[in-house]
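Listing of data33.txt, compact mmCIF, C-alpha atoms and all ligand atoms
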# COMPACT_ATOMS: atom_id res chain seq x y z
CA MET A 1 77.20 24.61 115.43
CA ASN A 2 75.83 25.33 111.98
CA ILE A 3 77.50 23.34 109.24
CA ILE A 4 77.49 24.45 105.62
CA LYS A 5 78.86 21.83 103.25
CA VAL A 6 80.39 23.11 100.04
CA LYS A 7 81.79 21.38 96.99
CA ASP A 8 85.05 23.31 96.86
CA THR A 9 87.00 26.27 98.23
CA GLN A 10 85.46 28.64 95.68
CA MET A 11 81.99 27.90 96.93
CA GLY A 12 83.26 28.07 100.52
CA GLY A 13 84.56 31.58 99.86
CA LYS A 14 81.19 32.62 98.43
CA GLU A 15 79.24 31.18 101.38
CA ALA A 16 81.54 32.85 103.89
CA PHE A 17 81.34 36.13 102.00
CA LYS A 18 77.52 36.08 102.19
CA ILE A 19 77.74 35.88 105.99
CA VAL A 20 80.38 38.62 106.19
CA LYS A 21 78.38 40.93 103.93
CA ASP A 22 75.15 40.30 105.83
CA ASP A 23 76.86 40.93 109.17
CA ILE A 24 78.27 44.23 107.95
CA GLU A 25 75.17 45.47 106.12
CA ASN A 26 72.45 44.21 108.46
CA ASN A 27 74.10 43.80 111.87
CA GLY A 28 76.42 46.79 111.76
CA ALA A 29 79.57 44.68 112.19
CA LYS A 30 82.56 47.02 112.44
CA VAL A 31 85.40 44.77 113.63
CA LEU A 32 86.49 41.66 111.73
CA GLY A 33 88.81 39.09 113.27
CA LEU A 34 90.93 37.67 110.47
CA ALA A 35 93.01 34.55 109.88
CA THR A 36 95.86 33.56 107.62
CA GLY A 37 96.57 30.22 105.94
CA SER A 38 95.21 28.94 102.65
CA SER A 39 91.63 28.36 103.85
CA PRO A 40 90.45 32.02 103.99
CA ILE A 41 92.00 32.99 100.63
CA THR A 42 88.85 32.45 98.54
CA LEU A 43 86.88 34.54 101.05
CA TYR A 44 89.46 37.34 100.78
CA ASN A 45 89.19 37.12 96.99
CA GLU A 46 85.41 37.56 97.25
CA MET A 47 85.95 40.54 99.55
CA THR A 48 88.48 42.27 97.29
CA SER A 49 86.38 41.80 94.18
CA SER A 50 83.20 43.01 95.89
CA ASP A 51 81.96 46.56 96.15
CA LEU A 52 82.01 46.41 99.95
CA ASP A 53 83.88 49.26 101.58
CA PHE A 54 86.03 48.47 104.61
CA SER A 55 87.55 51.93 105.04
CA ASN A 56 85.40 52.51 108.10
CA MET A 57 86.12 49.14 109.65
CA THR A 58 88.80 47.59 111.83
CA SER A 59 90.51 44.23 111.45
CA VAL A 60 92.29 42.27 114.15
CA ASN A 61 94.38 39.28 113.09
CA LEU A 62 94.82 36.12 115.09
CA ASP A 63 98.54 35.60 115.12
CA GLU A 64 102.05 36.35 113.87
CA TYR A 65 105.40 34.57 113.89
CA VAL A 66 107.85 35.81 116.48
CA GLY A 67 110.93 37.30 114.81
CA LEU A 68 109.36 38.30 111.50
CA LYS A 69 108.83 41.94 110.56
CA PRO A 70 105.75 42.96 108.53
CA ASP A 71 107.88 43.37 105.38
CA ASN A 72 109.14 39.78 105.61
CA GLU A 73 107.36 37.86 102.85
CA GLN A 74 106.68 34.93 105.19
CA SER A 75 105.08 37.07 107.87
CA TYR A 76 101.35 36.94 108.39
CA HIS A 77 101.25 40.72 108.15
CA TYR A 78 102.71 40.51 104.64
CA PHE A 79 100.20 37.76 103.76
CA MET A 80 97.31 39.97 104.86
CA ASN A 81 98.64 42.95 102.89
CA GLU A 82 98.95 40.82 99.76
CA HIS A 83 95.59 39.07 100.00
CA LEU A 84 93.40 41.79 101.42
CA PHE A 85 94.66 45.07 102.86
CA ASN A 86 96.54 46.38 99.79
CA LYS A 87 93.37 45.94 97.74
CA LYS A 88 90.75 46.77 100.37
CA PRO A 89 92.22 48.95 103.13
CA PHE A 90 90.57 49.02 106.53
CA LYS A 91 90.58 52.09 108.77
CA ASN A 92 92.83 50.18 111.19
CA SER A 93 94.37 46.76 110.75
CA TYR A 94 96.08 45.08 113.67
CA VAL A 95 98.43 42.10 113.60
CA PRO A 96 100.51 41.05 116.64
CA ASP A 97 103.96 42.64 116.51
CA GLY A 98 106.23 39.69 115.75
CA SER A 99 109.25 41.98 115.61
CA ASN A 100 108.93 42.80 119.32
CA PRO A 101 111.16 40.35 121.23
CA ASP A 102 109.53 41.40 124.52
CA ALA A 103 106.72 38.82 124.69
CA GLU A 104 105.14 40.33 127.78
CA ALA A 105 104.86 43.78 126.18
CA ALA A 106 103.78 42.48 122.77
CA THR A 107 101.03 40.24 124.12
CA LYS A 108 99.71 42.81 126.62
CA ALA A 109 99.57 45.45 123.90
CA TYR A 110 97.59 43.07 121.73
CA ASP A 111 95.11 42.22 124.48
CA LYS A 112 94.50 45.94 124.87
CA ILE A 113 93.81 46.24 121.14
CA ILE A 114 91.31 43.34 121.31
CA GLU A 115 89.64 44.87 124.36
CA GLU A 116 89.28 48.23 122.63
CA ASN A 117 88.02 46.63 119.42
CA PRO A 118 85.58 43.87 120.37
CA ILE A 119 85.35 41.46 117.47
CA ASP A 120 81.99 41.23 115.73
CA LEU A 121 82.87 38.44 113.33
CA GLN A 122 85.86 36.13 113.62
CA ILE A 123 87.18 34.12 110.66
CA LEU A 124 89.10 30.95 111.55
CA GLY A 125 90.98 28.19 109.79
CA ILE A 126 91.99 25.06 111.66
CA GLY A 127 95.24 23.14 111.98
CA ARG A 128 95.44 19.40 111.32
CA ASN A 129 95.74 18.90 115.08
CA GLY A 130 92.73 21.11 115.82
CA HIS A 131 94.64 24.30 116.56
CA ILE A 132 92.95 27.67 116.05
CA GLY A 133 95.10 30.76 115.64
CA PHE A 134 98.31 29.22 116.94
CA ASN A 135 96.66 27.71 119.99
CA GLU A 136 98.13 24.24 119.83
CA PRO A 137 96.72 21.23 121.75
CA GLY A 138 97.16 21.81 125.47
CA SER A 139 96.43 25.55 125.24
CA PRO A 140 94.11 26.93 127.93
CA LEU A 141 90.57 27.21 126.58
CA ASP A 142 90.14 30.58 128.34
CA GLY A 143 93.51 32.09 127.40
CA THR A 144 94.38 35.58 126.17
CA THR A 145 97.24 36.57 123.83
CA ARG A 146 100.38 34.51 124.48
CA LYS A 147 103.73 33.57 123.08
CA VAL A 148 103.39 29.97 121.94
CA GLY A 149 105.76 27.29 120.77
CA LEU A 150 104.70 25.58 117.55
CA THR A 151 104.35 21.79 117.44
CA GLU A 152 106.37 19.65 115.05
CA SER A 153 103.24 18.89 112.97
CA THR A 154 102.49 22.62 112.57
CA ILE A 155 106.11 23.38 111.68
CA GLU A 156 106.00 20.60 109.11
CA ALA A 157 102.67 21.82 107.67
CA ASN A 158 104.08 25.35 107.37
CA THR A 159 107.36 24.29 105.78
CA ARG A 160 105.72 24.51 102.35
CA PHE A 161 105.79 28.32 102.62
CA PHE A 162 109.51 28.49 103.44
CA GLU A 163 112.61 27.59 101.44
CA ASP A 164 113.99 25.45 104.24
CA GLU A 165 112.40 23.84 107.29
CA LYS A 166 115.12 25.54 109.36
CA ASP A 167 113.61 28.92 108.42
CA VAL A 168 110.15 28.16 109.84
CA PRO A 169 109.79 30.16 113.06
CA ARG A 170 109.37 28.05 116.20
CA PHE A 171 107.31 30.63 118.13
CA ALA A 172 104.33 32.85 117.48
CA TYR A 173 102.22 35.41 119.28
CA SER A 174 98.63 34.21 119.18
CA MET A 175 95.33 35.53 120.33
CA GLY A 176 94.07 33.10 123.03
CA ILE A 177 91.06 30.83 122.78
CA GLY A 178 89.25 32.87 125.44
CA SER A 179 89.62 35.99 123.28
CA ILE A 180 88.46 34.14 120.17
CA LEU A 181 85.34 32.94 122.00
CA LYS A 182 84.42 36.54 122.85
CA ALA A 183 83.74 37.28 119.17
CA LYS A 184 80.01 37.68 118.58
CA LYS A 185 80.00 35.41 115.57
CA ILE A 186 82.54 32.88 114.28
CA ILE A 187 83.08 31.26 110.88
CA LEU A 188 85.51 28.35 110.61
CA LEU A 189 86.72 27.31 107.16
CA ALA A 190 88.21 23.87 106.51
CA TYR A 191 88.90 22.00 103.30
CA GLY A 192 90.53 18.69 102.47
CA GLU A 193 91.00 15.26 103.92
CA ASN A 194 93.85 16.27 106.21
CA LYS A 195 91.35 18.37 108.21
CA ALA A 196 88.81 15.53 108.65
CA ASP A 197 90.08 14.30 112.06
CA ALA A 198 90.26 17.84 113.42
CA ILE A 199 86.73 18.63 112.21
CA ALA A 200 85.32 15.41 113.71
CA ALA A 201 86.97 16.21 117.07
CA THR A 202 85.73 19.80 116.89
CA VAL A 203 82.10 18.85 116.28
CA ASP A 204 81.58 15.40 117.79
CA GLY A 205 84.36 15.12 120.35
CA PRO A 206 84.42 16.29 123.96
CA VAL A 207 85.39 19.90 124.73
CA THR A 208 89.04 19.41 125.55
CA GLU A 209 92.41 21.15 125.35
CA ASP A 210 93.51 18.20 123.21
CA CYS A 211 91.49 19.73 120.37
CA PRO A 212 91.51 23.52 120.86
CA ALA A 213 88.74 24.05 118.27
CA SER A 214 86.38 21.87 120.35
CA ALA A 215 86.01 24.95 122.61
CA LEU A 216 83.83 26.39 119.82
CA GLN A 217 81.06 24.06 121.04
CA ASN A 218 80.67 26.52 123.92
CA HIS A 219 80.00 29.46 121.59
CA PRO A 220 76.41 30.28 120.57
CA ASP A 221 77.05 31.38 116.98
CA VAL A 222 79.57 29.28 115.06
CA THR A 223 79.28 28.31 111.40
CA LEU A 224 81.58 25.70 109.89
CA ILE A 225 82.07 25.93 106.15
CA ILE A 226 83.63 22.64 105.05
CA ASP A 227 83.99 20.49 101.97
CA ASP A 228 83.06 16.79 101.74
CA ALA A 229 86.61 15.65 102.47
CA ALA A 230 86.86 17.71 105.66
CA ALA A 231 83.38 16.49 106.66
CA SER A 232 84.13 12.84 105.89
CA LYS A 233 84.70 11.72 109.50
CA LEU A 234 81.69 13.46 111.03
CA LYS A 235 79.13 11.21 112.72
C1 LIG B 301 98.34 28.23 110.59
C2 LIG B 301 97.57 29.43 111.13
C3 LIG B 301 96.13 29.09 111.42
C4 LIG B 301 95.52 28.35 110.23
C5 LIG B 301 96.30 27.07 109.97
C6 LIG B 301 95.73 26.25 108.83
O1 LIG B 301 98.75 27.39 111.60
N1 LIG B 301 98.17 29.98 112.33
O2 LIG B 301 95.41 30.27 111.71
O3 LIG B 301 94.19 28.08 110.48
O4 LIG B 301 97.62 27.45 109.64
O5 LIG B 301 96.14 26.74 107.60
P1 LIG B 301 95.54 26.32 106.21
O6 LIG B 301 94.28 27.07 106.05
O7 LIG B 301 96.58 26.76 105.21
O8 LIG B 301 95.36 24.85 106.22
Can I see the file as structure tokens?
Amino acid sequence: MNIIKVKDTQMGGKEAFKIVKDDIENNGAKVLGLATGSSPITLYNEMTSSDLDFSNMTSVNLDEYVGLKPDNEQSYHYFMNEHLFNKKPFKNSYVPDGSNPDAEAATKAYDKIIEENPIDLQILGIGRNGHIGFNEPGSPLDGTTRKVGLTESTIEANTRFFEDEKDVPRFAYSMGIGSILKAKKIILLAYGENKADAIAATVDGPVTEDCPASALQNHPDVTLIIDDAAASKLK
């Protein structure tokens, strides 16, 4: 894994943007895999303030809460519209359909979308417990899109976005780790001390379902963009 250490999230956004821009302009990247959460926001700001044109490109997001429609302000679809798509529209932007209660249909449909739009560059954040997308510890490292139950620590971490902990959805549809690993290139962004254990397990630990992001060790082209605090427990 390549590791780029940055002093803050602003610089992290700039470093990530350089890779995105280079992949589009020099490698012909056409499909971006995108993530939600606070970590990619500075990258999305760089993208929206750039002169890059995404109108010929496709985006495929990692996950969505089950039960939330795209117009729900807490949905990941809404988040993406606010931070990126409203300002820089893509030709097609896909997010799992959280409003479909039929998990089998929703996840199959999403796998088809991923198959038809192979991801050139995947952006990832990481959960405090090492989850990527919403693949919590214990998720199969070769999985495809699934309905997943969120762990207590993830629910707690996400409570800050909701008025009441009761309102935080307990389930999500998430791209699987197997699908994530099929992306040609992967960038993982992590900032802050509460990511330090997860980053240490991702880089220095064994490849194990206990830390889903450790599966990235098996991918040939992963770049971690992390600040000093997130890097503080690396060997
Ligand atoms: C959620 C998302 C993940 C994201 C994680 C960390 O669980 N499903 O994709 O990586 O939050 O979010 P943050 O970047 O806000 O720490």
Counting all atoms listed in the file, closest pick from A:Gly192, A:Gly205, A:Gly130, A:Gly98 relative to Thr9 in chain A is A:Gly192
Which residue out of A:Leu52, A:Ile126, A:Leu121, A:Val60 has the minimum interatomic distance to ligand LIG 301 (chain B) when only C-alpha atoms and all ligand atoms are used?
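Counting only C-alpha atoms and all ligand atoms, the residue closest to ligand LIG 301 (chain B) is A:Ile126.
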Between A:His77, A:His219, A:Lys112, A:Lys235, smallest distance to ligand LIG 301 (chain B) by only C-alpha atoms and all ligand atoms belongs to A:His77
Mind checking which residues fall within 9 Å of range 31-47 of chain A, counting all atoms listed in the file, ignoring those fewer than 5 positions away in the same chain, and posting them as a JSON list (two decimals) with C-alpha atoms, in the frame of the given file?
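Wrote out_0.json, looks like this:
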[["chain", "number", "residue", "atom", "x", "y", "z"],
["A", 9, "THR", "CA", 87.00, 26.27, 98.23],
["A", 10, "GLN", "CA", 85.46, 28.64, 95.68],
["A", 11, "MET", "CA", 81.99, 27.90, 96.93],
["A", 12, "GLY", "CA", 83.26, 28.07, 100.52],
["A", 13, "GLY", "CA", 84.56, 31.58, 99.86],
["A", 14, "LYS", "CA", 81.19, 32.62, 98.43],
["A", 15, "GLU", "CA", 79.24, 31.18, 101.38],
["A", 16, "ALA", "CA", 81.54, 32.85, 103.89],
["A", 17, "PHE", "CA", 81.34, 36.13, 102.00],
["A", 20, "VAL", "CA", 80.38, 38.62, 106.19],
["A", 21, "LYS", "CA", 78.38, 40.93, 103.93],
["A", 52, "LEU", "CA", 82.01, 46.41, 99.95],
["A", 57, "MET", "CA", 86.12, 49.14, 109.65],
["A", 58, "THR", "CA", 88.80, 47.59, 111.83],
["A", 59, "SER", "CA", 90.51, 44.23, 111.45],
["A", 60, "VAL", "CA", 92.29, 42.27, 114.15],
["A", 61, "ASN", "CA", 94.38, 39.28, 113.09],
["A", 62, "LEU", "CA", 94.82, 36.12, 115.09],
["A", 63, "ASP", "CA", 98.54, 35.60, 115.12],
["A", 76, "TYR", "CA", 101.35, 36.94, 108.39],
["A", 77, "HIS", "CA", 101.25, 40.72, 108.15],
["A", 79, "PHE", "CA", 100.20, 37.76, 103.76],
["A", 80, "MET", "CA", 97.31, 39.97, 104.86],
["A", 83, "HIS", "CA", 95.59, 39.07, 100.00],
["A", 84, "LEU", "CA", 93.40, 41.79, 101.42],
["A", 88, "LYS", "CA", 90.75, 46.77, 100.37],
["A", 117, "ASN", "CA", 88.02, 46.63, 119.42],
["A", 118, "PRO", "CA", 85.58, 43.87, 120.37],
["A", 119, "ILE", "CA", 85.35, 41.46, 117.47],
["A", 120, "ASP", "CA", 81.99, 41.23, 115.73],
["A", 121, "LEU", "CA", 82.87, 38.44, 113.33],
["A", 122, "GLN", "CA", 85.86, 36.13, 113.62],
["A", 123, "ILE", "CA", 87.18, 34.12, 110.66],
["A", 124, "LEU", "CA", 89.10, 30.95, 111.55],
["A", 125, "GLY", "CA", 90.98, 28.19, 109.79],
["A", 126, "ILE", "CA", 91.99, 25.06, 111.66],
["A", 133, "GLY", "CA", 95.10, 30.76, 115.64],
["A", 180, "ILE", "CA", 88.46, 34.14, 120.17],
["A", 183, "ALA", "CA", 83.74, 37.28, 119.17],
["A", 186, "ILE", "CA", 82.54, 32.88, 114.28],
["A", 189, "LEU", "CA", 86.72, 27.31, 107.16],
["A", 190, "ALA", "CA", 88.21, 23.87, 106.51],
["A", 191, "TYR", "CA", 88.90, 22.00, 103.30]]
* To do: Could you check which of A:Thr208, A:Thr107, A:Ser50, A:Gln74 is closest to ligand LIG 301 (chain B), using all atoms listed in the file?
  =>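 With all atoms listed in the file as the atom set, the closest residue is A:Gln74.
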Each side padded by 6 Å, which centre and which edge lengths in Å (one decimal) define the axis-aligned box around the listed atoms of ligand LIG 301 (chain B)? Give them as JSON.
{"center_x": 96.5, "center_y": 27.6, "center_z": 108.8, "size_x": 16.6, "size_y": 17.4, "size_z": 19.1}
Checklist entry - Looking at all atoms listed in the file, which of A:Phe54, A:Ala103, A:Gly138, A:Tyr78 is the one that sits closest to Lys91 in chain A? => result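 Ranking A:Phe54, A:Ala103, A:Gly138, A:Tyr78 by distance to Lys91 in chain A, first place goes to A:Phe54.
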Of A:Ala105, A:Val6, A:Ile132, A:Ala29, the one sitting nearest ligand LIG 301 (chain B) when using only C-alpha atoms and all ligand atoms is A:Ile132
Computed gap from CA of Cys211 in chain A to CA of Pro140 in chain A is 10.8 Å
So that I can check the surroundings of Asp97 in chain A, please list as a list in words every protein, DNA and RNA residue that reaches within 10 Å of it, counting all atoms listed in the file and ignoring chain neighbours fewer than 6 positions away.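 Once the adjacent positions are removed, what remains is Asp63, Glu64, Tyr65, Val66, Gly67, Leu68, Lys69, Pro70, His77, Ala103, Ala105, Ala106, Thr107, Ala109, Tyr110, Ala172 and Tyr173 of chain A.
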Self-check item: CA of Glu116 in chain A to CA of Pro169 in chain A, distance in Å rounded to a single decimal
Solution: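 CA of Pro169 in chain A lies at a distance of 29.0 Å from CA of Glu116 in chain A.
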